[in-house]
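S.K.: Here it is: the structure, laid out below.
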Amino acid sequence: MADDPCSFKDIFLIKAPKKSPLVLRMIVVLFAMVCGVYICSICLKQVSTRTKSGFSSVQVIQRPCPHPDVEPEELRYMHYPKPNTYSRAECACNPVRYFAILSMQRSGSGWFETLLNNHTNISSNGEIFSVKVRRSNISTIVETLDKLYNLDWLSSASKNECTAAVGLKWMLNQGLMQHHEEIVEYFNTRGVSAIFLFRRNLLRRMISVLANLYDRDNKLLNGTHKSHVHSPHEAEILAKYKPIINATLLIPNLKQVEDTSTKALEYFKSTRHIILFYEDIVKNRTKLLDVQDFLKVPKRDLKSRQVKIHKGNLSSQIENWGDVQKTLTGTQYERFLNVDYRRRSPAA
């Protein structure tokens with residue numbers, strides 16, 4: 001720099017007014033502070049950007065449920081619903097079976113459902129489609145079923161997050177037959193199993209239907225209508241009413257009920273299903289083990305608090321028994337006049 005006619009110091013101070021050393025020091029310190037603040041702001045901005053981009057790129061990956069050791073054809077009936085209203089927590093990988101009890105009024109379905117709900121891992125949610133708006137069209141039906149099978153349907157039958165089978169009780173006259181094609185497709189697509197529950201003795205069912213209609217209008221139990229009772233005293237009061245059956249319409253009515261159940265079985269034959277009869281369960285409670293095996297739940301001794309209303313011989317339950325007996329004798333329905341099951345505790 002000795003040969004340079006103008007040193008770096010001279011260049012830096014050229015044209016600069018002469019200032020005291022103290023002022024120069026302050027200028028240098030201020031310049032250093034400004035540079036430091038600027039550099040720090042740039043660094044913080046870069047760190048913040050990296051942090052945000054880092055968090056946004058993180059995805060919560062749920063571990064898949066282990067593949068169940070079952071036959072391949074069973075997989076379509078095993079589901080892992082994710083409710084919107086709660087978390088299944090540690091039971092998230094416990095498979096759930098979907099089912100529907102398909103029946104007719106006064107066929108023992110209420111009693112049968114209480115037996116299923118006595119099981120720790122089964123939730124059957126009653127006659128959901130008794131409310132007309134829910135069955136007004138196939139869209140509302142599917143929407144209701146989706147909510148039910150996603151475990152978002154809250155009722156007294158709802159269990160804990162470890163439910164292993166969830167379903168409902170669906171009467172044939174509650175939109176089921178009207179939209180049978182779409183419902184069969186839904187059952188087969190979503191893996192819903194059907195449990196048919198009918199009554200062998202349709203005459204006994206008719207007595208139960210007429211007696212229930214009478215009580216609905218007259219409310220024999222202290223002004224309250226009850227379709228099912230839990231005490232022998234209440235059952236005795238309701239059983240005192242003996243209906244008069246129209247003998248002229250008796251056979252056509254029995255045939256209509258018979259044809260309806262036959263048609264339902266034909267409609268839903270492509271679904272996974274089991275066929276049960278009320279009388280068979282009454283006589284042989286091991287039938288309930290068959291149901292639990294069908295739903296693939298642990299086998300339990302199932303009980304119900306319901307008490308049977310109409311017991312004993314039919315001759316003591318029909319006001320015009322002679323007319324009914326005469327009408328059915330010699331026909332295909334004569335078998336209904338006989339006692340067809342032993343006396344047990346279930347309600348009907």
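Every chain in the structure tokens takes a letter, A first, then B, and so on in the order presented; its residues are numbered from 1, and the ligands are numbered from 1 following the presented order.
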Hey, what's within 8 Å of segment 123-130 of chain A if we count only C-alpha atoms and toss same-chain stuff fewer than 5 positions away? As a PyMOL selection string, please?
M.R.: chain A and resi 113+116-117+135+155-159+163+165-171+174-175
S.K.: Counting only C-alpha atoms, what is within 9 Å of Phe294 of chain A, bar same-chain residues fewer than 5 positions away, as a list in words?
M.R.: Ser193, His273, Ile274 and Leu289 of chain A
S.K.: Given the choices A:Lys263, A:Asn246, A:Ala239, A:Ile122, which gets closest to Met177 of chain A if the distance is worked out from only C-alpha atoms?
M.R.: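 Closest to Met177 of chain A, using only C-alpha atoms: A:Lys263.
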S.K.: Find, counting only C-alpha atoms, the residue in A:Leu337, A:Leu276, A:Cys65, A:Leu210 that gets nearest to Ile244 of chain A.
M.R.: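 Using only C-alpha atoms, the shortest distance to Ile244 of chain A belongs to A:Leu210.
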S.K.: Which residues are close to segment 67-76 of chain A, i.e. within 10 Å by only C-alpha atoms, leaving aside same-chain residues fewer than 2 positions away? Reply as a PyMOL selection string.
M.R.: chain A and resi 64-65+78-79+93-95+97+188-192
S.K.: Filtering to all heavy atoms, could you give me those residues as a short mmCIF file (atom, residue, chain, number, x, y, z; two decimals), in the first residue's frame?
M.R.:
```cif
data_model
loop_
_atom_site.label_atom_id
_atom_site.label_comp_id
_atom_site.auth_asym_id
_atom_site.auth_seq_id
_atom_site.Cartn_x
_atom_site.Cartn_y
_atom_site.Cartn_z
N PRO A 64 -52.20 -49.83 10.80
CA PRO A 64 -53.33 -50.62 10.33
C PRO A 64 -53.64 -51.75 11.30
O PRO A 64 -52.75 -52.26 11.99
CB PRO A 64 -52.84 -51.16 8.98
CG PRO A 64 -51.35 -51.15 9.09
CD PRO A 64 -51.01 -49.96 9.94
N CYS A 65 -54.92 -52.12 11.35
CA CYS A 65 -55.32 -53.22 12.22
C CYS A 65 -54.75 -54.52 11.68
O CYS A 65 -54.66 -54.71 10.46
CB CYS A 65 -56.84 -53.31 12.31
SG CYS A 65 -57.60 -51.87 13.12
N MET A 78 -66.74 -58.08 8.36
CA MET A 78 -65.99 -57.54 9.48
C MET A 78 -65.68 -56.07 9.20
O MET A 78 -65.09 -55.74 8.17
CB MET A 78 -64.71 -58.34 9.70
CG MET A 78 -64.97 -59.82 9.97
SD MET A 78 -63.45 -60.81 10.09
CE MET A 78 -62.75 -60.13 11.57
N HIS A 79 -66.07 -55.22 10.12
CA HIS A 79 -65.96 -53.77 9.89
C HIS A 79 -65.21 -53.10 11.04
O HIS A 79 -65.21 -53.60 12.17
CB HIS A 79 -67.35 -53.16 9.74
CG HIS A 79 -68.23 -53.90 8.77
ND1 HIS A 79 -68.13 -53.75 7.41
CD2 HIS A 79 -69.21 -54.82 8.97
CE1 HIS A 79 -69.02 -54.53 6.81
NE2 HIS A 79 -69.68 -55.19 7.74
N CYS A 93 -59.47 -51.67 16.75
CA CYS A 93 -59.16 -52.81 15.88
C CYS A 93 -60.02 -54.03 16.19
O CYS A 93 -59.75 -55.12 15.66
CB CYS A 93 -57.68 -53.17 15.98
SG CYS A 93 -56.61 -51.98 15.12
N ASN A 94 -61.01 -53.86 17.04
CA ASN A 94 -61.97 -54.95 17.29
C ASN A 94 -63.03 -54.91 16.20
O ASN A 94 -63.77 -53.92 16.10
CB ASN A 94 -62.63 -54.79 18.65
CG ASN A 94 -61.71 -55.17 19.79
OD1 ASN A 94 -60.50 -55.26 19.59
ND2 ASN A 94 -62.26 -55.38 20.97
N PRO A 95 -63.16 -55.94 15.38
CA PRO A 95 -64.14 -55.90 14.28
C PRO A 95 -65.58 -55.88 14.79
O PRO A 95 -65.89 -56.40 15.86
CB PRO A 95 -63.85 -57.19 13.51
CG PRO A 95 -63.21 -58.10 14.51
CD PRO A 95 -62.42 -57.22 15.42
N ARG A 97 -69.66 -56.55 13.62
CA ARG A 97 -70.59 -57.17 12.66
C ARG A 97 -71.86 -56.35 12.59
O ARG A 97 -72.37 -55.88 13.61
CB ARG A 97 -70.93 -58.60 13.10
CG ARG A 97 -69.71 -59.51 13.27
CD ARG A 97 -69.38 -60.24 12.02
NE ARG A 97 -68.18 -61.06 12.16
CZ ARG A 97 -67.86 -62.01 11.31
NH1 ARG A 97 -68.63 -62.28 10.28
NH2 ARG A 97 -66.75 -62.72 11.48
N ASN A 188 -75.71 -56.43 0.93
CA ASN A 188 -74.63 -57.18 0.29
C ASN A 188 -73.37 -56.34 0.11
O ASN A 188 -72.25 -56.85 0.22
CB ASN A 188 -75.09 -57.73 -1.05
CG ASN A 188 -76.09 -58.87 -0.92
OD1 ASN A 188 -76.06 -59.61 0.06
ND2 ASN A 188 -76.98 -59.02 -1.88
N THR A 189 -73.54 -55.07 -0.18
CA THR A 189 -72.39 -54.18 -0.37
C THR A 189 -71.70 -53.87 0.95
O THR A 189 -70.47 -53.89 1.05
CB THR A 189 -72.82 -52.87 -1.05
OG1 THR A 189 -73.43 -53.17 -2.31
CG2 THR A 189 -71.62 -51.96 -1.27
N ARG A 190 -72.50 -53.57 1.98
CA ARG A 190 -71.96 -53.18 3.27
C ARG A 190 -71.71 -54.36 4.21
O ARG A 190 -71.20 -54.17 5.32
CB ARG A 190 -72.91 -52.19 3.95
CG ARG A 190 -73.07 -50.85 3.22
CD ARG A 190 -71.77 -50.06 3.21
NE ARG A 190 -71.25 -49.90 4.56
CZ ARG A 190 -71.64 -48.94 5.40
NH1 ARG A 190 -72.57 -48.07 5.03
NH2 ARG A 190 -71.12 -48.86 6.61
N GLY A 191 -72.06 -55.55 3.81
CA GLY A 191 -71.81 -56.71 4.66
C GLY A 191 -72.72 -56.77 5.86
O GLY A 191 -72.26 -57.01 6.98
N VAL A 192 -74.03 -56.58 5.64
CA VAL A 192 -75.03 -56.65 6.72
C VAL A 192 -75.68 -58.03 6.71
O VAL A 192 -76.14 -58.50 5.66
CB VAL A 192 -76.10 -55.55 6.57
CG1 VAL A 192 -77.13 -55.65 7.69
CG2 VAL A 192 -75.45 -54.17 6.54
#
```
S.K.: Quick one: of A:Lys132, A:Arg200, A:Lys326, A:Lys226, who's nearest to Ile275 of chain A, counting only C-alpha atoms?
M.R.: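 Of the candidates, the smallest distance to Ile275 of chain A is held by A:Arg200.
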S.K.: Point out the residue among A:Tyr333, A:Phe196, A:Tyr77, A:Tyr241 with the least atom-to-atom distance to Lys269 of chain A, counting only C-alpha atoms.
M.R.: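 Of A:Tyr333, A:Phe196, A:Tyr77, A:Tyr241, the one nearest Lys269 of chain A is A:Phe196, counting only C-alpha atoms.
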S.K.: Which residues are close to Cys91 of chain A, i.e. within 12 Å by only C-alpha atoms, leaving aside same-chain residues fewer than 5 positions away? Reply as a ChimeraX atom specification.
M.R.: /A:65,80-83,86,96,121,160-164
S.K.: Can you spit out the residues from that selection as a JSON list (two decimals), in the first residue's frame, using N, CA, C and O atoms?
M.R.:
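Output file selection-v4.json is given in full below:
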```
[["chain", "number", "residue", "atom", "x", "y", "z"],
["A", 65, "CYS", "N", -54.92, -52.12, 11.35],
["A", 65, "CYS", "CA", -55.32, -53.22, 12.22],
["A", 65, "CYS", "C", -54.75, -54.52, 11.68],
["A", 65, "CYS", "O", -54.66, -54.71, 10.46],
["A", 80, "TYR", "N", -64.64, -51.95, 10.73],
["A", 80, "TYR", "CA", -63.91, -51.17, 11.72],
["A", 80, "TYR", "C", -64.41, -49.72, 11.67],
["A", 80, "TYR", "O", -63.71, -48.82, 11.18],
["A", 81, "PRO", "N", -65.61, -49.48, 12.16],
["A", 81, "PRO", "CA", -66.20, -48.14, 12.08],
["A", 81, "PRO", "C", -65.43, -47.12, 12.90],
["A", 81, "PRO", "O", -64.79, -47.46, 13.91],
["A", 82, "LYS", "N", -65.49, -45.87, 12.46],
["A", 82, "LYS", "CA", -64.86, -44.76, 13.17],
["A", 82, "LYS", "C", -65.95, -43.73, 13.51],
["A", 82, "LYS", "O", -66.25, -42.84, 12.70],
["A", 83, "PRO", "N", -66.56, -43.87, 14.67],
["A", 83, "PRO", "CA", -67.68, -42.98, 15.04],
["A", 83, "PRO", "C", -67.25, -41.52, 15.06],
["A", 83, "PRO", "O", -66.10, -41.19, 15.37],
["A", 86, "TYR", "N", -67.52, -40.26, 19.22],
["A", 86, "TYR", "CA", -66.57, -40.70, 20.24],
["A", 86, "TYR", "C", -65.48, -41.53, 19.59],
["A", 86, "TYR", "O", -65.56, -41.88, 18.42],
["A", 96, "VAL", "N", -66.43, -55.24, 14.01],
["A", 96, "VAL", "CA", -67.85, -55.12, 14.34],
["A", 96, "VAL", "C", -68.68, -55.77, 13.23],
["A", 96, "VAL", "O", -68.40, -55.56, 12.04],
["A", 121, "ASN", "N", -71.57, -57.51, 24.29],
["A", 121, "ASN", "CA", -70.98, -56.96, 23.07],
["A", 121, "ASN", "C", -71.97, -56.78, 21.92],
["A", 121, "ASN", "O", -71.56, -56.56, 20.78],
["A", 160, "ASN", "N", -70.56, -50.01, 25.01],
["A", 160, "ASN", "CA", -69.31, -49.27, 25.04],
["A", 160, "ASN", "C", -68.63, -49.32, 23.68],
["A", 160, "ASN", "O", -69.18, -49.80, 22.69],
["A", 161, "GLU", "N", -67.40, -48.78, 23.66],
["A", 161, "GLU", "CA", -66.68, -48.73, 22.39],
["A", 161, "GLU", "C", -66.26, -50.10, 21.88],
["A", 161, "GLU", "O", -65.79, -50.23, 20.77],
["A", 162, "CYS", "N", -66.43, -51.14, 22.71],
["A", 162, "CYS", "CA", -66.03, -52.48, 22.29],
["A", 162, "CYS", "C", -67.20, -53.31, 21.78],
["A", 162, "CYS", "O", -67.19, -54.54, 21.87],
["A", 163, "THR", "N", -68.22, -52.65, 21.26],
["A", 163, "THR", "CA", -69.33, -53.36, 20.65],
["A", 163, "THR", "C", -68.82, -54.25, 19.51],
["A", 163, "THR", "O", -68.03, -53.81, 18.68],
["A", 164, "ALA", "N", -69.29, -55.50, 19.50],
["A", 164, "ALA", "CA", -68.84, -56.44, 18.47],
["A", 164, "ALA", "C", -69.90, -56.72, 17.42],
["A", 164, "ALA", "O", -69.59, -57.26, 16.36]]
```
S.K.: Rounded to one decimal place, report the atom CA of Lys308 of chain A-atom CA of Arg106 of chain A distance in Å.
M.R.: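 Rounded to one decimal, the two atoms are 11.8 Å apart.
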S.K.: As a PDB file with N, CA, C and O atoms, in the first residue's frame, which residues of segment 42-283 of chain A does DSSP assign to strand (DSSP E or B)?
M.R.:
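Done, and the output landed in part30.pdb:
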```
ATOM      1  N   HIS A  79     -66.068 -55.215  10.123  1.00  0.00           N
ATOM      2  CA  HIS A  79     -65.962 -53.773   9.893  1.00  0.00           C
ATOM      3  C   HIS A  79     -65.213 -53.097  11.037  1.00  0.00           C
ATOM      4  O   HIS A  79     -65.206 -53.599  12.171  1.00  0.00           O
ATOM      5  N   VAL A  96     -66.429 -55.237  14.009  1.00  0.00           N
ATOM      6  CA  VAL A  96     -67.853 -55.118  14.342  1.00  0.00           C
ATOM      7  C   VAL A  96     -68.676 -55.769  13.233  1.00  0.00           C
ATOM      8  O   VAL A  96     -68.405 -55.557  12.045  1.00  0.00           O
ATOM      9  N   ARG A  97     -69.664 -56.552  13.615  1.00  0.00           N
ATOM     10  CA  ARG A  97     -70.589 -57.172  12.656  1.00  0.00           C
ATOM     11  C   ARG A  97     -71.864 -56.349  12.592  1.00  0.00           C
ATOM     12  O   ARG A  97     -72.372 -55.880  13.606  1.00  0.00           O
ATOM     13  N   TYR A  98     -72.387 -56.196  11.375  1.00  0.00           N
ATOM     14  CA  TYR A  98     -73.644 -55.484  11.174  1.00  0.00           C
ATOM     15  C   TYR A  98     -74.777 -56.495  10.985  1.00  0.00           C
ATOM     16  O   TYR A  98     -74.615 -57.472  10.251  1.00  0.00           O
ATOM     17  N   PHE A  99     -75.922 -56.252  11.637  1.00  0.00           N
ATOM     18  CA  PHE A  99     -77.049 -57.159  11.472  1.00  0.00           C
ATOM     19  C   PHE A  99     -78.367 -56.398  11.504  1.00  0.00           C
ATOM     20  O   PHE A  99     -78.430 -55.229  11.921  1.00  0.00           O
ATOM     21  N   ALA A 100     -79.415 -57.061  11.045  1.00  0.00           N
ATOM     22  CA  ALA A 100     -80.769 -56.519  11.103  1.00  0.00           C
ATOM     23  C   ALA A 100     -81.724 -57.661  11.395  1.00  0.00           C
ATOM     24  O   ALA A 100     -81.680 -58.699  10.734  1.00  0.00           O
ATOM     25  N   ILE A 101     -82.574 -57.480  12.415  1.00  0.00           N
ATOM     26  CA  ILE A 101     -83.613 -58.461  12.737  1.00  0.00           C
ATOM     27  C   ILE A 101     -84.826 -58.136  11.877  1.00  0.00           C
ATOM     28  O   ILE A 101     -85.443 -57.083  12.038  1.00  0.00           O
ATOM     29  N   LEU A 102     -85.168 -59.004  10.947  1.00  0.00           N
ATOM     30  CA  LEU A 102     -86.294 -58.782  10.046  1.00  0.00           C
ATOM     31  C   LEU A 102     -87.471 -59.618  10.535  1.00  0.00           C
ATOM     32  O   LEU A 102     -87.382 -60.848  10.582  1.00  0.00           O
ATOM     33  N   SER A 103     -88.559 -58.953  10.878  1.00  0.00           N
ATOM     34  CA  SER A 103     -89.653 -59.666  11.513  1.00  0.00           C
ATOM     35  C   SER A 103     -90.984 -58.962  11.242  1.00  0.00           C
ATOM     36  O   SER A 103     -91.059 -58.039  10.428  1.00  0.00           O
ATOM     37  N   ILE A 122     -73.270 -56.890  22.190  1.00  0.00           N
ATOM     38  CA  ILE A 122     -74.280 -56.736  21.134  1.00  0.00           C
ATOM     39  C   ILE A 122     -75.168 -55.533  21.442  1.00  0.00           C
ATOM     40  O   ILE A 122     -75.644 -55.369  22.565  1.00  0.00           O
ATOM     41  N   SER A 123     -75.391 -54.705  20.428  1.00  0.00           N
ATOM     42  CA  SER A 123     -76.299 -53.558  20.547  1.00  0.00           C
ATOM     43  C   SER A 123     -77.341 -53.624  19.441  1.00  0.00           C
ATOM     44  O   SER A 123     -77.022 -53.438  18.267  1.00  0.00           O
ATOM     45  N   SER A 124     -78.587 -53.897  19.827  1.00  0.00           N
ATOM     46  CA  SER A 124     -79.696 -53.866  18.876  1.00  0.00           C
ATOM     47  C   SER A 124     -80.602 -52.706  19.266  1.00  0.00           C
ATOM     48  O   SER A 124     -81.097 -52.637  20.392  1.00  0.00           O
ATOM     49  N   ALA A 165     -71.154 -56.352  17.707  1.00  0.00           N
ATOM     50  CA  ALA A 165     -72.242 -56.520  16.746  1.00  0.00           C
ATOM     51  C   ALA A 165     -73.272 -55.436  16.989  1.00  0.00           C
ATOM     52  O   ALA A 165     -73.708 -55.221  18.124  1.00  0.00           O
ATOM     53  N   VAL A 166     -73.664 -54.739  15.934  1.00  0.00           N
ATOM     54  CA  VAL A 166     -74.630 -53.650  16.056  1.00  0.00           C
ATOM     55  C   VAL A 166     -75.708 -53.820  14.998  1.00  0.00           C
ATOM     56  O   VAL A 166     -75.438 -54.223  13.866  1.00  0.00           O
ATOM     57  N   GLY A 167     -76.960 -53.556  15.390  1.00  0.00           N
ATOM     58  CA  GLY A 167     -78.050 -53.730  14.440  1.00  0.00           C
ATOM     59  C   GLY A 167     -79.330 -53.073  14.912  1.00  0.00           C
ATOM     60  O   GLY A 167     -79.323 -52.204  15.789  1.00  0.00           O
ATOM     61  N   LEU A 168     -80.431 -53.523  14.340  1.00  0.00           N
ATOM     62  CA  LEU A 168     -81.742 -52.953  14.625  1.00  0.00           C
ATOM     63  C   LEU A 168     -82.814 -54.006  14.427  1.00  0.00           C
ATOM     64  O   LEU A 168     -82.538 -55.101  13.916  1.00  0.00           O
ATOM     65  N   LYS A 169     -84.018 -53.649  14.833  1.00  0.00           N
ATOM     66  CA  LYS A 169     -85.187 -54.491  14.597  1.00  0.00           C
ATOM     67  C   LYS A 169     -86.019 -53.808  13.516  1.00  0.00           C
ATOM     68  O   LYS A 169     -86.413 -52.664  13.663  1.00  0.00           O
ATOM     69  N   TRP A 170     -86.275 -54.521  12.423  1.00  0.00           N
ATOM     70  CA  TRP A 170     -86.906 -53.904  11.250  1.00  0.00           C
ATOM     71  C   TRP A 170     -88.119 -54.736  10.846  1.00  0.00           C
ATOM     72  O   TRP A 170     -87.998 -55.873  10.398  1.00  0.00           O
ATOM     73  N   MET A 171     -89.300 -54.136  11.004  1.00  0.00           N
ATOM     74  CA  MET A 171     -90.534 -54.814  10.619  1.00  0.00           C
ATOM     75  C   MET A 171     -90.710 -54.776   9.095  1.00  0.00           C
ATOM     76  O   MET A 171     -90.324 -53.809   8.432  1.00  0.00           O
ATOM     77  N   VAL A 192     -74.030 -56.583   5.641  1.00  0.00           N
ATOM     78  CA  VAL A 192     -75.029 -56.653   6.718  1.00  0.00           C
ATOM     79  C   VAL A 192     -75.682 -58.031   6.709  1.00  0.00           C
ATOM     80  O   VAL A 192     -76.139 -58.498   5.664  1.00  0.00           O
ATOM     81  N   SER A 193     -75.738 -58.682   7.850  1.00  0.00           N
ATOM     82  CA  SER A 193     -76.363 -60.001   7.970  1.00  0.00           C
ATOM     83  C   SER A 193     -77.801 -59.851   8.438  1.00  0.00           C
ATOM     84  O   SER A 193     -78.104 -59.020   9.292  1.00  0.00           O
ATOM     85  N   ALA A 194     -78.693 -60.665   7.884  1.00  0.00           N
ATOM     86  CA  ALA A 194     -80.112 -60.613   8.228  1.00  0.00           C
ATOM     87  C   ALA A 194     -80.480 -61.763   9.159  1.00  0.00           C
ATOM     88  O   ALA A 194     -80.078 -62.909   8.930  1.00  0.00           O
ATOM     89  N   ILE A 195     -81.242 -61.429  10.207  1.00  0.00           N
ATOM     90  CA  ILE A 195     -81.774 -62.439  11.128  1.00  0.00           C
ATOM     91  C   ILE A 195     -83.293 -62.431  10.977  1.00  0.00           C
ATOM     92  O   ILE A 195     -83.968 -61.508  11.436  1.00  0.00           O
ATOM     93  N   PHE A 196     -83.827 -63.439  10.301  1.00  0.00           N
ATOM     94  CA  PHE A 196     -85.282 -63.540  10.145  1.00  0.00           C
ATOM     95  C   PHE A 196     -85.872 -64.183  11.394  1.00  0.00           C
ATOM     96  O   PHE A 196     -85.416 -65.238  11.843  1.00  0.00           O
ATOM     97  N   LEU A 197     -86.898 -63.542  11.947  1.00  0.00           N
ATOM     98  CA  LEU A 197     -87.597 -64.100  13.098  1.00  0.00           C
ATOM     99  C   LEU A 197     -89.095 -64.091  12.817  1.00  0.00           C
ATOM    100  O   LEU A 197     -89.718 -63.033  12.717  1.00  0.00           O
ATOM    101  N   PHE A 198     -89.664 -65.275  12.673  1.00  0.00           N
ATOM    102  CA  PHE A 198     -91.092 -65.404  12.406  1.00  0.00           C
ATOM    103  C   PHE A 198     -91.754 -66.266  13.474  1.00  0.00           C
ATOM    104  O   PHE A 198     -91.089 -66.805  14.363  1.00  0.00           O
ATOM    105  N   LEU A 221    -103.509 -50.976  31.878  1.00  0.00           N
ATOM    106  CA  LEU A 221    -102.588 -50.892  33.016  1.00  0.00           C
ATOM    107  C   LEU A 221    -102.513 -49.458  33.539  1.00  0.00           C
ATOM    108  O   LEU A 221    -101.614 -48.697  33.194  1.00  0.00           O
ATOM    109  N   THR A 224    -102.030 -46.736  31.028  1.00  0.00           N
ATOM    110  CA  THR A 224    -100.781 -46.774  30.259  1.00  0.00           C
ATOM    111  C   THR A 224    -100.791 -47.968  29.316  1.00  0.00           C
ATOM    112  O   THR A 224    -101.115 -49.084  29.730  1.00  0.00           O
ATOM    113  N   VAL A 229     -94.488 -56.527  29.075  1.00  0.00           N
ATOM    114  CA  VAL A 229     -94.542 -56.324  30.526  1.00  0.00           C
ATOM    115  C   VAL A 229     -93.421 -57.114  31.202  1.00  0.00           C
ATOM    116  O   VAL A 229     -92.839 -58.036  30.610  1.00  0.00           O
ATOM    117  N   HIS A 273     -77.850 -64.778   5.873  1.00  0.00           N
ATOM    118  CA  HIS A 273     -78.992 -64.720   6.788  1.00  0.00           C
ATOM    119  C   HIS A 273     -79.161 -66.022   7.551  1.00  0.00           C
ATOM    120  O   HIS A 273     -78.592 -67.053   7.209  1.00  0.00           O
ATOM    121  N   ILE A 274     -79.969 -65.910   8.598  1.00  0.00           N
ATOM    122  CA  ILE A 274     -80.361 -67.062   9.399  1.00  0.00           C
ATOM    123  C   ILE A 274     -81.863 -66.939   9.642  1.00  0.00           C
ATOM    124  O   ILE A 274     -82.377 -65.827   9.791  1.00  0.00           O
ATOM    125  N   ILE A 275     -82.574 -68.059   9.660  1.00  0.00           N
ATOM    126  CA  ILE A 275     -84.030 -68.061   9.843  1.00  0.00           C
ATOM    127  C   ILE A 275     -84.359 -68.683  11.198  1.00  0.00           C
ATOM    128  O   ILE A 275     -83.948 -69.821  11.484  1.00  0.00           O
ATOM    129  N   LEU A 276     -85.069 -67.941  12.008  1.00  0.00           N
ATOM    130  CA  LEU A 276     -85.458 -68.404  13.340  1.00  0.00           C
ATOM    131  C   LEU A 276     -86.967 -68.329  13.499  1.00  0.00           C
ATOM    132  O   LEU A 276     -87.631 -67.498  12.866  1.00  0.00           O
ATOM    133  N   PHE A 277     -87.480 -69.189  14.374  1.00  0.00           N
ATOM    134  CA  PHE A 277     -88.895 -69.152  14.724  1.00  0.00           C
ATOM    135  C   PHE A 277     -89.030 -69.018  16.241  1.00  0.00           C
ATOM    136  O   PHE A 277     -88.297 -69.672  17.003  1.00  0.00           O
TER     137      PHE A 277
END
```
S.K.: Taking the chain letters and numbering used in this document, name the residues of segment 290-342 of chain A that DSSP puts in alpha helix (DSSP H), as a PDB file with N, CA, C and O atoms, in the first residue's frame.
M.R.:
```pdb
ATOM      1  N   ASP A 290     -76.804 -70.555  18.496  1.00  0.00           N
ATOM      2  CA  ASP A 290     -76.663 -70.489  17.037  1.00  0.00           C
ATOM      3  C   ASP A 290     -76.616 -69.036  16.569  1.00  0.00           C
ATOM      4  O   ASP A 290     -75.852 -68.689  15.658  1.00  0.00           O
ATOM      5  N   VAL A 291     -77.431 -68.197  17.194  1.00  0.00           N
ATOM      6  CA  VAL A 291     -77.450 -66.778  16.831  1.00  0.00           C
ATOM      7  C   VAL A 291     -76.119 -66.121  17.173  1.00  0.00           C
ATOM      8  O   VAL A 291     -75.568 -65.348  16.376  1.00  0.00           O
ATOM      9  N   GLN A 292     -75.595 -66.425  18.359  1.00  0.00           N
ATOM     10  CA  GLN A 292     -74.316 -65.844  18.760  1.00  0.00           C
ATOM     11  C   GLN A 292     -73.187 -66.330  17.862  1.00  0.00           C
ATOM     12  O   GLN A 292     -72.268 -65.566  17.542  1.00  0.00           O
ATOM     13  N   ASP A 293     -73.269 -67.561  17.447  1.00  0.00           N
ATOM     14  CA  ASP A 293     -72.271 -68.075  16.508  1.00  0.00           C
ATOM     15  C   ASP A 293     -72.412 -67.382  15.156  1.00  0.00           C
ATOM     16  O   ASP A 293     -71.408 -67.096  14.490  1.00  0.00           O
ATOM     17  N   PHE A 294     -73.645 -67.112  14.748  1.00  0.00           N
ATOM     18  CA  PHE A 294     -73.899 -66.409  13.487  1.00  0.00           C
ATOM     19  C   PHE A 294     -73.305 -65.005  13.517  1.00  0.00           C
ATOM     20  O   PHE A 294     -72.768 -64.522  12.514  1.00  0.00           O
ATOM     21  N   TRP A 321    -114.227 -68.942  20.209  1.00  0.00           N
ATOM     22  CA  TRP A 321    -113.378 -70.092  19.908  1.00  0.00           C
ATOM     23  C   TRP A 321    -114.073 -71.113  19.004  1.00  0.00           C
ATOM     24  O   TRP A 321    -113.455 -71.659  18.098  1.00  0.00           O
ATOM     25  N   GLY A 322    -115.319 -71.351  19.221  1.00  0.00           N
ATOM     26  CA  GLY A 322    -116.051 -72.323  18.411  1.00  0.00           C
ATOM     27  C   GLY A 322    -116.040 -71.970  16.940  1.00  0.00           C
ATOM     28  O   GLY A 322    -115.834 -72.842  16.078  1.00  0.00           O
ATOM     29  N   ASP A 323    -116.263 -70.705  16.620  1.00  0.00           N
ATOM     30  CA  ASP A 323    -116.254 -70.260  15.219  1.00  0.00           C
ATOM     31  C   ASP A 323    -114.879 -70.439  14.590  1.00  0.00           C
ATOM     32  O   ASP A 323    -114.754 -70.873  13.437  1.00  0.00           O
ATOM     33  N   VAL A 324    -113.871 -70.093  15.343  1.00  0.00           N
ATOM     34  CA  VAL A 324    -112.493 -70.202  14.833  1.00  0.00           C
ATOM     35  C   VAL A 324    -112.135 -71.664  14.605  1.00  0.00           C
ATOM     36  O   VAL A 324    -111.564 -72.028  13.560  1.00  0.00           O
ATOM     37  N   GLN A 325    -112.476 -72.504  15.546  1.00  0.00           N
ATOM     38  CA  GLN A 325    -112.171 -73.931  15.431  1.00  0.00           C
ATOM     39  C   GLN A 325    -112.865 -74.540  14.222  1.00  0.00           C
ATOM     40  O   GLN A 325    -112.266 -75.330  13.470  1.00  0.00           O
ATOM     41  N   LYS A 326    -114.113 -74.174  14.022  1.00  0.00           N
ATOM     42  CA  LYS A 326    -114.872 -74.697  12.891  1.00  0.00           C
ATOM     43  C   LYS A 326    -114.286 -74.230  11.566  1.00  0.00           C
ATOM     44  O   LYS A 326    -114.235 -74.991  10.578  1.00  0.00           O
ATOM     45  N   THR A 327    -113.848 -72.973  11.525  1.00  0.00           N
ATOM     46  CA  THR A 327    -113.310 -72.402  10.281  1.00  0.00           C
ATOM     47  C   THR A 327    -112.004 -73.066   9.862  1.00  0.00           C
ATOM     48  O   THR A 327    -111.770 -73.308   8.663  1.00  0.00           O
ATOM     49  N   LEU A 328    -111.151 -73.369  10.824  1.00  0.00           N
ATOM     50  CA  LEU A 328    -109.817 -73.895  10.494  1.00  0.00           C
ATOM     51  C   LEU A 328    -109.754 -75.408  10.384  1.00  0.00           C
ATOM     52  O   LEU A 328    -108.833 -75.947   9.758  1.00  0.00           O
TER      53      LEU A 328
END
```
